[in-house]
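Chemist: First the structure, then my questions, so here it is.
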Amino acid sequence: MSAVDGLKARFLELSAPDADGVYRGGAGKRRARTALAMDRLRALWDEACAATSFVVPDRGVGLAATGSLSRGQIGPCSDLDLVLIHDGHVLDEHQITELANLLWYPLWDSGLDLDHAVRSRAQCEAVTDHDLPAATGWLEVRPVAGDAELIEDTASSILERWRRAARRRLPELLDSAQARLLESGRLPYLNQPNVKEAHGGLRDTVLVSALAASWLADRPHGGYDDAVERLLDVRDCIHLAAGRDTNLLLTAYQPKVAAMLGLADPTLPEGERAAASIDDLMTMIARLGRTVSFAYLDTASRARRSLVHDRPRFAFFQIFQPRAAGRREAPTFDVIAPGVARHEGEIVLAPGADPSSDPALPLRVAVASGESGLPINPVTLSNLTRCPMRDHDWNAEERALLIRLLSCGANLPEVWERLDYVGVPGRWMPEWLGIRNRPSVSAAHRYTIDQHMIQVVSRLGRDDGRSDGHGGSRGVDASVRGAAPIGAVPSDASMPGLSEHYDGERYAALLLAGLLHDIGKRPGVRDHAAEGARHAPVILRRMGFDEHVVGMATLLVREHLTLSEFATGRDPYDPVVGAELAERVGRDPVMLDMLFDLTRADGSSLGATSDEQITKRYGWSSWRESTARMMLAAARRSLA
């Protein structure tokens, strides 16, 4: 018998929900699992030392925990992150290997997942100097057994090296977060999110701690800490539902996870109970993800600013031409629109801006961010909530700014997410709150309903919807495009569409249709296209859009499924079918093109990443495009 035999089962025993099936006291359960793991690992160390063919010295070698175990966050089925560290002198290579085998094999035999390494102190320092995940893992290391002083000295050395190199490595850390965003998406917007890797997930909490450890920025507290603990509860329940170490909240696990988190309403019929609890679960995860995401963005923003302010402002040549007579220089703001400025790589409020008197300010800030690719400063976001935004009686500037924002292409989801964190879209359109964070019932959808609509609009933007590889989009800079200044009201001729024959009104209608095409996806609604066509004109008329624009957008919302349905279920060589499709869009050839563009954007926003196990990565294949084009050609023939 080994000290770790049955440890996996004991983890699950400590993690069991209460008698009513609800997982309570998650933080206490994590502490209990951590204490048990540390106790059993120490016992395993003693067994291994007793079984070696040599005497293991008290100093110069030890076992350390990293990852979730060192943070006290180990889940019911989490792997163990362990490092056998030595000073490179007290044991030779064969002895280290023998000791390591006596540690690792019992853990494997017990069925536990293990992430292990054997390194000297010098190797630990070298690896963390070049491997960002390794460095962030060592910032919260915990001695398990053996020479604790060696482990603590190594951890202190790595922390000191991290702080010295933090200014140089900050871009690497931020780039790693951006890469995860592109790979795993945003936690609040995914139907089947990875609660660890998605932006706003547990990995971002590790980055927040790493930034705080660098002394470049303070660590957030309060509501952030509560959100982290609740997100860990979600992770624990995923483990229990899946019976294995996974962070992916698949559809199959969602009813069980929701019930364990106490979200199932026992007063509802069983069928309705599961659906309602999943809605509540995804809404809760979206709230938690936004809290973590905003904490990371705020911490990263303050870290970036600290680099600028800590940079030496005195140079040798200033002896002859002093710029500020030894005093600290005032910050510079590049004002780019009324109340809006660029400052230190972010969009901020210009000096003297008064949010409380400017309802269009959030739109100008959002357009500046979308067209420049620069993020909105977190403090600026909070200040925007003071603006007197309204859902009615918009002026021409506000309507034009909304269209410019929607046309920002690949930058739109990032901008919209930041605005949505502080509740701006819901103040522009109260109907938005009805679909905000709601998961789609269709397994073909990767995103929640609100994010799916934003993804669709991003594919209708002025650029080609592809990233430039630096967090922005090709062709979105206003100065490069020669766009009108932010705040100006462009004429029809200055508003390019996806096709040369889309004038400003048609392009605006297409973007607005993309924004609202699934606004009718509400509980109990059978035909969401018809329901959306009921809401769309009400919203757009309140904002003051021209009736022609309202009519076109409403028609596109009502018919946004039509081309797909015709293409997959009707005969394109039947003249009656082509004529019927043409009639659906008022026999307008340009509206046919607009319907095709909306259908293509809608289809290409479906699908899932390969590990989400639903449909395929993209919902718009070459076959779908060819069938849609054939049906489009049939409708055009009927107009000849």
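To be explicit about the labels: the chains of the structure tokens are called A, B, and onward in the order shown, and within each one the residues are counted from 1, while ligands get numbers from 1 in the order they are shown.
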Can you pull out the residues contacting A:Tyr189? Cut-off 8 Å, using only C-alpha atoms, and skip same-chain residues under 2 positions away; I want them as a PDB file with C-alpha atoms, in the first residue's frame.

Modeler:
ATOM      1  CA  GLY A 185     -12.944  33.109 -26.875  1.00  0.00           C
ATOM      2  CA  ARG A 186     -14.637  35.067 -24.102  1.00  0.00           C
ATOM      3  CA  LEU A 187     -16.110  33.273 -21.129  1.00  0.00           C
ATOM      4  CA  ASN A 191     -22.366  28.378 -25.002  1.00  0.00           C
ATOM      5  CA  ALA A 286     -21.204  35.588 -17.801  1.00  0.00           C
ATOM      6  CA  ASN A 437     -25.936  36.200 -21.833  1.00  0.00           C
ATOM      7  CA  TYR A 447     -21.830  31.752 -28.828  1.00  0.00           C
ATOM      8  CA  THR A 448     -24.557  33.072 -26.609  1.00  0.00           C
ATOM      9  CA  ASP A 450     -26.031  38.379 -27.865  1.00  0.00           C
ATOM     10  CA  GLN A 451     -22.448  37.561 -28.830  1.00  0.00           C
TER      11      GLN A 451
END

Chemist: Any idea what's packed within 8 Å of A:Val424, counting only C-alpha atoms, ignoring anything in its chain fewer than 5 positions away? Could you give it as a JSON list (two decimals) with C-alpha atoms, in the first residue's frame?

Modeler:
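The resulting file, around.json, is shown below:
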[["chain", "number", "residue", "atom", "x", "y", "z"],
["A", 362, "PRO", "CA", -20.17, 56.56, -25.20],
["A", 385, "THR", "CA", -22.11, 55.16, -17.06],
["A", 419, "LEU", "CA", -19.37, 48.54, -23.25]]

Chemist: For a quick check of understanding, using only C-alpha atoms, which of A:Tyr421, A:Trp45, A:Tyr23, A:Phe566 has the smallest distance to A:Val257?

Modeler: A:Tyr23

Chemist: Could you tell me how far atom CA of A:Ala3 lies from atom CA of A:Ala242, in Å and to one decimal?

Modeler: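 Pair atom CA of A:Ala3 / atom CA of A:Ala242 returns 26.1 Å.
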
Chemist: Env of A:Pro413: 8 Å cut, atoms = only C-alpha atoms, seq-sep filter 6 positions within chain, self excluded. Answer as a PDB file with N, CA and C atoms, in the first residue's frame.

Modeler:
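File around.pdb, as written:
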ATOM      1  N   GLN A 451     -23.752  37.544 -28.182  1.00  0.00           N
ATOM      2  CA  GLN A 451     -22.448  37.561 -28.830  1.00  0.00           C
ATOM      3  C   GLN A 451     -22.527  37.058 -30.266  1.00  0.00           C
ATOM      4  N   ILE A 454     -23.336  39.992 -32.389  1.00  0.00           N
ATOM      5  CA  ILE A 454     -22.187  40.881 -32.558  1.00  0.00           C
ATOM      6  C   ILE A 454     -21.172  40.263 -33.516  1.00  0.00           C
ATOM      7  N   GLN A 455     -20.988  38.950 -33.439  1.00  0.00           N
ATOM      8  CA  GLN A 455     -20.085  38.284 -34.375  1.00  0.00           C
ATOM      9  C   GLN A 455     -20.591  38.421 -35.809  1.00  0.00           C
ATOM     10  N   SER A 458     -19.818  41.884 -36.992  1.00  0.00           N
ATOM     11  CA  SER A 458     -18.380  42.063 -37.242  1.00  0.00           C
ATOM     12  C   SER A 458     -17.988  41.536 -38.617  1.00  0.00           C
TER      13      SER A 458
END

Chemist: Among stretch 530-604 of chain A, which residues does DSSP mark as alpha helix (DSSP H) when it is run on the backbone? Keep the chain and numbering as in the structure and answer as a ChimeraX atom specification.

Modeler: /A:530-543,547-558,562-569,575-584,589-604

Chemist: When you look at A:Gly544 with a cut-off of 7 Å (counting only C-alpha atoms), what residues show up, excluding the ones that are within fewer than 3 positions of it in the same chain? I need them as JSON, numbers by chain.

Modeler: {"A": [393, 394, 540, 541]}

Chemist: Residues as selected, C-alpha atoms, written as a CSV table (one decimal), in the first residue's frame, can you do that?

Modeler:
chain,number,residue,atom,x,y,z
A,393,ASP,CA,-35.0,60.5,-29.8
A,394,TRP,CA,-31.5,60.0,-31.0
A,540,LEU,CA,-35.2,51.6,-34.8
A,541,ARG,CA,-38.1,54.1,-34.8
